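See below for protein_24.cif, which holds mmCIF, C-alpha atoms.
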```cif
data_start
#
loop_
_atom_site.label_atom_id
_atom_site.label_comp_id
_atom_site.auth_asym_id
_atom_site.auth_seq_id
_atom_site.Cartn_x
_atom_site.Cartn_y
_atom_site.Cartn_z
CA MET J 2 74.56 128.16 -41.47
CA ALA J 3 70.82 127.90 -41.73
CA ASP J 4 69.21 129.65 -44.65
CA LEU J 5 67.69 132.93 -43.63
CA PRO J 6 64.29 133.74 -44.98
CA PRO J 7 64.36 136.24 -47.84
CA LEU J 8 64.60 139.91 -46.94
CA PRO J 9 61.33 141.82 -47.15
CA ALA J 10 60.56 142.40 -50.81
CA PRO J 11 61.59 145.81 -52.11
CA ASP J 12 58.04 146.22 -53.39
CA ASP J 13 56.97 146.44 -49.76
CA PRO J 14 59.10 149.34 -48.55
CA GLU J 15 56.96 149.82 -45.45
CA ALA J 16 57.84 146.35 -44.13
CA ALA J 17 61.46 146.65 -45.28
CA LEU J 18 61.94 150.02 -43.58
CA ALA J 19 60.28 148.79 -40.38
CA ALA J 20 62.81 145.94 -40.43
CA VAL J 21 65.62 148.49 -40.77
CA VAL J 22 64.32 150.34 -37.68
CA ALA J 23 64.13 147.09 -35.70
CA LEU J 24 67.64 146.07 -36.82
CA ARG J 25 69.07 149.42 -35.73
CA ARG J 26 67.54 148.93 -32.27
CA LEU J 27 68.87 145.39 -32.10
CA ALA J 28 72.34 146.50 -33.22
CA ALA J 29 72.43 149.23 -30.56
CA ARG J 30 71.42 146.73 -27.89
CA LEU J 31 74.00 144.17 -29.01
CA GLU J 32 76.68 146.86 -29.14
CA ALA J 33 75.99 148.09 -25.58
CA ASP J 34 75.89 144.51 -24.24
CA ALA J 35 79.08 143.46 -26.04
CA VAL J 36 81.08 146.56 -25.16
CA THR J 37 80.08 146.25 -21.50
CA GLU J 38 81.32 142.67 -21.53
CA ALA J 39 84.53 143.68 -23.32
CA VAL J 40 85.25 146.32 -20.65
CA GLU J 41 84.52 143.71 -17.95
CA GLN J 42 87.13 141.50 -19.61
CA GLY J 43 89.69 144.29 -19.52
CA TRP J 44 89.59 145.50 -23.12
CA THR J 45 90.83 149.05 -23.69
CA TRP J 46 88.72 151.59 -25.56
CA ALA J 47 91.33 151.48 -28.33
CA GLN J 48 90.75 147.73 -28.70
CA ILE J 49 86.98 148.17 -28.62
CA GLY J 50 87.16 150.95 -31.20
CA GLU J 51 89.38 148.79 -33.39
CA ALA J 52 86.93 145.89 -33.22
CA LEU J 53 84.02 148.20 -34.05
CA GLY J 54 85.88 149.98 -36.83
CA ILE J 55 85.67 153.36 -35.12
CA SER J 56 88.18 155.46 -33.16
CA ALA J 57 88.82 154.85 -29.46
CA GLN J 58 87.47 158.34 -28.78
CA ALA J 59 84.28 157.69 -30.73
CA ALA J 60 83.71 154.38 -28.93
CA HIS J 61 84.33 156.00 -25.56
CA LYS J 62 82.10 158.98 -26.28
CA LYS J 63 79.29 156.77 -27.47
CA LEU J 64 79.29 154.07 -24.80
CA ALA J 65 81.43 154.90 -21.75
CA THR J 66 78.59 156.44 -19.73
CA GLU J 67 76.27 153.51 -20.39
CA VAL J 68 78.98 150.93 -19.63
CA ARG J 69 79.86 152.72 -16.38
CA ALA J 70 76.22 152.79 -15.33
CA ARG J 71 75.72 149.11 -16.10
CA ARG J 72 78.84 148.05 -14.23
CA GLY J 73 77.80 150.11 -11.26
CA ARG J 74 74.46 148.43 -10.78
CA MET W 30 49.26 183.95 -23.25
CA GLY W 31 48.56 184.57 -19.57
CA LEU W 32 51.30 183.99 -17.09
CA VAL W 33 49.39 181.27 -15.26
CA ARG W 34 48.81 179.34 -18.47
CA ALA W 35 52.44 179.82 -19.52
CA VAL W 36 53.70 178.36 -16.25
CA ARG W 37 51.24 175.48 -16.49
CA ASP W 38 52.30 174.77 -20.08
CA ILE W 39 55.96 174.76 -19.08
CA ARG W 40 55.19 172.18 -16.38
CA THR W 41 53.23 170.07 -18.86
CA ILE W 42 56.03 170.26 -21.43
CA LYS W 43 58.62 169.24 -18.86
CA ARG W 44 56.51 166.28 -17.72
CA LEU W 45 55.77 165.28 -21.29
CA LEU W 46 59.37 165.38 -22.51
CA THR W 47 60.88 163.84 -19.41
CA GLY W 48 58.29 161.06 -19.57
CA ALA W 49 59.00 160.46 -23.27
CA GLU W 50 62.69 160.19 -22.54
CA GLN W 51 62.03 157.66 -19.77
CA GLU W 52 59.75 155.64 -22.05
CA ALA W 53 62.44 155.58 -24.72
CA ARG W 54 65.30 154.69 -22.38
CA SER W 55 63.38 151.93 -20.65
CA ALA W 56 62.85 150.43 -24.11
CA GLY W 57 66.59 150.67 -24.75
CA GLU W 58 66.38 153.69 -27.05
CA GLU W 59 68.32 156.89 -26.55
CA VAL W 60 66.14 159.17 -28.59
CA PRO W 61 62.37 159.40 -28.08
CA GLY W 62 60.09 159.02 -31.08
CA PRO W 63 56.38 159.84 -31.47
CA GLU W 64 55.40 156.55 -29.79
CA HIS W 65 57.24 157.60 -26.63
CA LEU W 66 55.58 161.03 -26.64
CA LEU W 67 52.21 159.33 -26.98
CA LEU W 68 52.90 157.01 -24.05
CA SER W 69 54.12 159.92 -21.96
CA ALA W 70 51.06 162.01 -22.87
CA ALA W 71 48.84 159.19 -21.64
CA ALA W 72 50.38 159.56 -18.18
CA LEU W 73 49.87 163.33 -17.91
CA PRO W 74 47.70 164.34 -14.96
CA ASP W 75 45.17 166.16 -17.17
CA GLY W 76 43.93 162.70 -18.21
CA THR W 77 42.78 163.79 -21.67
CA ALA W 78 45.21 161.61 -23.63
CA ALA W 79 44.30 158.52 -21.63
CA ARG W 80 40.60 159.24 -22.25
CA ALA W 81 41.17 159.71 -25.99
CA LEU W 82 42.97 156.36 -26.10
CA ALA W 83 40.11 154.75 -24.16
CA ARG W 84 37.68 156.08 -26.79
CA VAL W 85 39.43 153.91 -29.38
CA GLY W 86 39.59 150.97 -27.00
CA THR W 87 43.25 151.03 -26.03
CA ASP W 88 45.58 152.32 -23.35
CA ALA W 89 49.25 153.02 -22.67
CA ALA W 90 50.06 149.49 -21.49
CA ALA W 91 48.60 147.94 -24.64
CA LEU W 92 50.44 150.42 -26.84
CA ARG W 93 53.73 149.89 -25.02
CA SER W 94 53.45 146.16 -25.67
CA ALA W 95 52.41 146.85 -29.26
CA VAL W 96 55.53 148.94 -29.89
CA ALA W 97 57.73 146.08 -28.64
CA ALA W 98 55.75 143.59 -30.70
CA VAL W 99 56.08 145.69 -33.85
CA HIS W 100 59.88 145.61 -33.56
CA ALA W 101 59.94 141.90 -32.67
CA ASP W 102 57.68 141.08 -35.63
CA ALA W 103 59.88 143.07 -38.00
CA LEU W 104 62.89 141.07 -36.82
CA ALA W 105 60.96 137.81 -37.03
CA GLY W 106 60.28 138.70 -40.66
CA LEU W 107 64.05 138.54 -41.15
CA GLY W 108 64.31 135.23 -39.34
CA LEU W 109 65.67 136.83 -36.19
CA GLU W 110 63.83 135.58 -33.15
CA THR W 111 64.72 137.83 -30.25
CA GLY W 112 62.53 135.98 -27.81
CA PRO W 113 60.00 137.36 -25.38
CA ALA W 114 62.60 139.09 -23.18
CA PRO W 115 62.07 142.83 -23.16
CA ALA W 116 64.79 145.07 -24.52
CA THR W 117 67.41 145.99 -21.95
CA SER W 118 66.74 149.45 -20.65
CA LEU W 119 69.58 151.94 -20.78
CA ALA W 120 71.29 152.18 -17.41
CA ALA W 121 72.95 155.56 -17.67
CA PRO W 122 70.92 158.62 -16.78
CA ALA W 123 70.21 160.81 -19.78
CA ALA W 124 72.98 163.36 -20.15
CA GLY W 125 73.28 166.59 -22.04
CA PRO W 126 70.55 168.38 -23.93
CA MET W 127 67.52 166.26 -24.68
CA ARG W 128 67.28 164.94 -28.19
CA THR W 129 64.17 163.67 -29.94
CA SER W 130 63.63 162.20 -33.37
CA PRO W 131 62.58 164.69 -36.07
CA GLN W 132 59.14 163.06 -36.10
CA ALA W 133 58.80 163.49 -32.34
CA GLN W 134 59.76 167.15 -32.75
CA GLN W 135 57.12 167.50 -35.42
CA VAL W 136 54.49 165.92 -33.17
CA PHE W 137 55.48 168.13 -30.26
CA GLN W 138 55.35 171.31 -32.34
CA ARG W 139 52.01 170.33 -33.82
CA ALA W 140 50.63 169.59 -30.33
CA VAL W 141 51.70 173.04 -29.14
CA GLU W 142 50.07 174.57 -32.22
CA LEU W 143 46.81 172.72 -31.52
CA SER W 144 46.91 173.76 -27.88
CA GLY W 145 46.81 177.41 -28.95
CA ARG W 146 43.46 176.84 -30.65
CA ALA W 147 41.99 174.79 -27.83
CA SER W 148 39.36 176.02 -25.45
CA PRO W 149 40.26 176.36 -22.67
CA ALA W 150 43.68 177.26 -24.02
CA GLY W 151 46.66 175.30 -22.78
CA LEU W 152 48.67 172.24 -23.71
CA ARG W 153 47.06 168.94 -22.76
CA GLY W 154 47.87 165.33 -23.48
CA VAL W 155 45.08 165.11 -26.02
CA HIS W 156 46.94 167.55 -28.28
CA VAL W 157 49.82 165.10 -28.48
CA VAL W 158 47.33 162.34 -29.28
CA ALA W 159 45.84 164.45 -32.09
CA ALA W 160 49.29 165.19 -33.50
CA VAL W 161 50.20 161.49 -33.49
CA GLY W 162 46.86 160.83 -35.22
CA GLU W 163 48.07 162.97 -38.09
CA LEU W 164 51.08 160.74 -38.74
CA GLU W 165 50.97 158.34 -41.67
CA ARG W 166 53.80 155.94 -40.99
CA GLY W 167 56.51 154.90 -38.58
CA THR W 168 56.61 152.86 -35.40
CA ALA W 169 53.78 154.73 -33.65
CA VAL W 170 51.44 154.19 -36.58
CA ARG W 171 52.38 150.52 -36.89
CA ALA W 172 51.81 150.00 -33.18
CA LEU W 173 48.41 151.69 -33.37
CA ARG W 174 47.38 149.57 -36.35
CA SER W 175 48.51 146.42 -34.55
CA VAL W 176 45.95 147.14 -31.81
CA GLY W 177 43.32 147.82 -34.46
CA VAL W 178 43.40 151.61 -34.40
CA GLU W 179 43.85 153.66 -37.57
CA PRO W 180 45.55 157.06 -37.06
CA GLU W 181 42.41 158.82 -38.35
CA GLN W 182 40.36 157.12 -35.64
CA LEU W 183 42.79 158.33 -33.03
CA LEU W 184 42.62 161.85 -34.45
CA ALA W 185 38.81 161.76 -34.37
CA ALA W 186 38.86 160.52 -30.77
CA ALA W 187 41.26 163.30 -29.79
CA ARG W 188 39.05 165.90 -31.44
CA ALA W 189 35.98 164.55 -29.70
CA GLU W 190 37.79 164.56 -26.37
CA ASP W 191 39.02 168.11 -26.69
CA GLY W 192 36.40 169.71 -28.88
CA LEU W 193 39.04 170.48 -31.47
CA PRO W 194 37.80 171.65 -34.86
CA ALA W 195 37.63 168.86 -37.44
#
```

Please express what this file holds, its structure, as structure tokens.
Amino acid sequence: MADLPPLPAPDDPEAALAAVVALRRLAARLEADAVTEAVEQGWTWAQIGEALGISAQAAHKKLATEVRARRGR
Amino acid sequence: MGLVRAVRDIRTIKRLLTGAEQEARSAGEEVPGPEHLLLSAAALPDGTAARALARVGTDAAALRSAVAAVHADALAGLGLETGPAPATSLAAPAAGPMRTSPQAQQVFQRAVELSGRASPAGLRGVHVVAAVGELERGTAVRALRSVGVEPEQLLAAARAEDGLPA
């Protein structure tokens, strides 16, 4: 694995916190993309929840509407 | 507050919040922040927000790109190159009661407060611009700075546009 550059220095909290915001957005995007693909491949919400470390209900509540909309377009 | 103004304000608020939600969702975000309110304000038919932005040499399109660039740069700082592709917009229509970030709520409330002091009275896009100009940090501020605009400059432009007290 390639070496990642160092994380923003803690003495620059502004840059570090902006990176946290950007990572949260990226994580949400990756989650929606991956869960949509999982549903396409026939995964159940229980399996998706298990992979994400959350309950099936939580996974469904969070992403089912978005997944349905994406599959419908 | 007169009835006519109240009805007009309700229309403005609906446009503003619906627009902010659309801005957020098309950028792949569920919850609008101040940057999405600002972009939505710039599209309001009263035109005051767009004119205040023009006073500092920018516009909604430039700010929209700047917001995306701010996030991409922050990721690049971590060695994550997400490429030039725009974020996937959310496909599902917004459901349930509208949510906004606490900072967006603060901006909205401040804009309403400023609109009460304005002459003529009534909520206009420029009041949202002024409220964003009072922020000190966060994505909206970083995006503004990346196009060379300090929040204080934006606040001054909004005041000049609306004749708000300094």

Q) Any idea what the distance is between atom CA of W:Ser55 and atom CA of W:Leu109? A) 21.8 Å

Please write the residues picked by the PyMOL selection byres ((chain J) within 7 of (chain W)) on this file as a PDB file with C-alpha atoms, in the coordinates of the input.
```
ATOM      1  CA  LEU J   5      67.690 132.930 -43.630  1.00  0.00           C
ATOM      2  CA  PRO J   6      64.290 133.740 -44.980  1.00  0.00           C
ATOM      3  CA  LEU J   8      64.600 139.910 -46.940  1.00  0.00           C
ATOM      4  CA  ALA J  19      60.280 148.790 -40.380  1.00  0.00           C
ATOM      5  CA  ALA J  20      62.810 145.940 -40.430  1.00  0.00           C
ATOM      6  CA  ALA J  23      64.130 147.090 -35.700  1.00  0.00           C
ATOM      7  CA  LEU J  24      67.640 146.070 -36.820  1.00  0.00           C
ATOM      8  CA  ARG J  30      71.420 146.730 -27.890  1.00  0.00           C
ATOM      9  CA  THR J  66      78.590 156.440 -19.730  1.00  0.00           C
ATOM     10  CA  GLU J  67      76.270 153.510 -20.390  1.00  0.00           C
ATOM     11  CA  ALA J  70      76.220 152.790 -15.330  1.00  0.00           C
ATOM     12  CA  ARG J  71      75.720 149.110 -16.100  1.00  0.00           C
TER      13      ARG J  71
END
```

Q) For J:Val68, which of J:Thr37, J:Ser56, J:Gln42, J:Gln48 is the closest residue, counting only C-alpha atoms? A)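 Ranking J:Thr37, J:Ser56, J:Gln42, J:Gln48 by distance to J:Val68, first place goes to J:Thr37.
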
Q | Of the listed residues W:Gly192, W:Gly76, W:Pro126, W:Pro180, that which approaches W:Ala89 most closely, counting all atoms listed in the file | A |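 For W:Ala89, the nearest of the candidates is W:Gly76.
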
Q. Hey, can you pull every residue with an atom no more than 8 Å from (46.1, 177.1, -22.3), using only C-alpha atoms, and send it as a VMD selection string?
A. chain W and resid 30 34 to 35 37 to 38 144 to 145 147 to 152

**Q.** atom CA of W:Glu110 to atom CA of W:Arg93, distance in Å rounded to a single decimal
**A.**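 About the pair atom CA of W:Glu110 and atom CA of W:Arg93: they are 19.3 Å apart.
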
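Residues captured in this structure file are Val136, Phe137, Gln138, Arg139, Val141, Glu142, Leu143, Ser144, Leu152, His156, Val157, Ala159 and Ala160 of chain W, according to the PyMOL selection byres ((chain W and resi 140) around 8).
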
Q: Could you tell me how far atom CA of W:Ser130 lies from atom CA of W:Pro61, in Å and to one decimal?
A: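 So the answer is 6.1 Å.
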
(Q) Need to verify the contact set: W:Ile42, 10 Å, all atoms listed in the file, exclusion of same-chain residues closer than 2 positions in sequence. Can you return it as a list in words? (A)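 Counting all atoms listed in the file, the residues come to Val36, Arg37, Asp38, Ile39, Arg40, Arg44, Leu45, Leu46, Thr47, Gly48, Ala70, Leu73, Phe137, Val141, Leu152, Arg153 and Gly154 of chain W.
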
(Q) Using the chain letters and numbers from this file, what does the PyMOL selection byres ((chain W and resi 84) around 10) select? Give the answer as a list in words. (A) Ala78, Ala79, Arg80, Ala81, Leu82, Ala83, Val85, Gly86, Thr87, Asp88, Gln182, Leu183, Ala185, Ala186, Ala187, Ala189 and Glu190 of chain W

Q: List every protein, DNA or RNA residue that has an atom no more than 8 Å from (54.4, 161.8, -30.4) in the file's coordinate frame, counting only C-alpha atoms, and report them as a PyMOL selection string.
A: chain W and resi 62-67+132-134+136-137+157-158+160-161+169

(Q) At a cut-off of 7 Å, using all atoms listed in the file, what residues contact W:Leu173? Leave out same-chain residues fewer than 5 positions from it and give the result as a PyMOL selection string. (A) chain W and resi 92+178-179
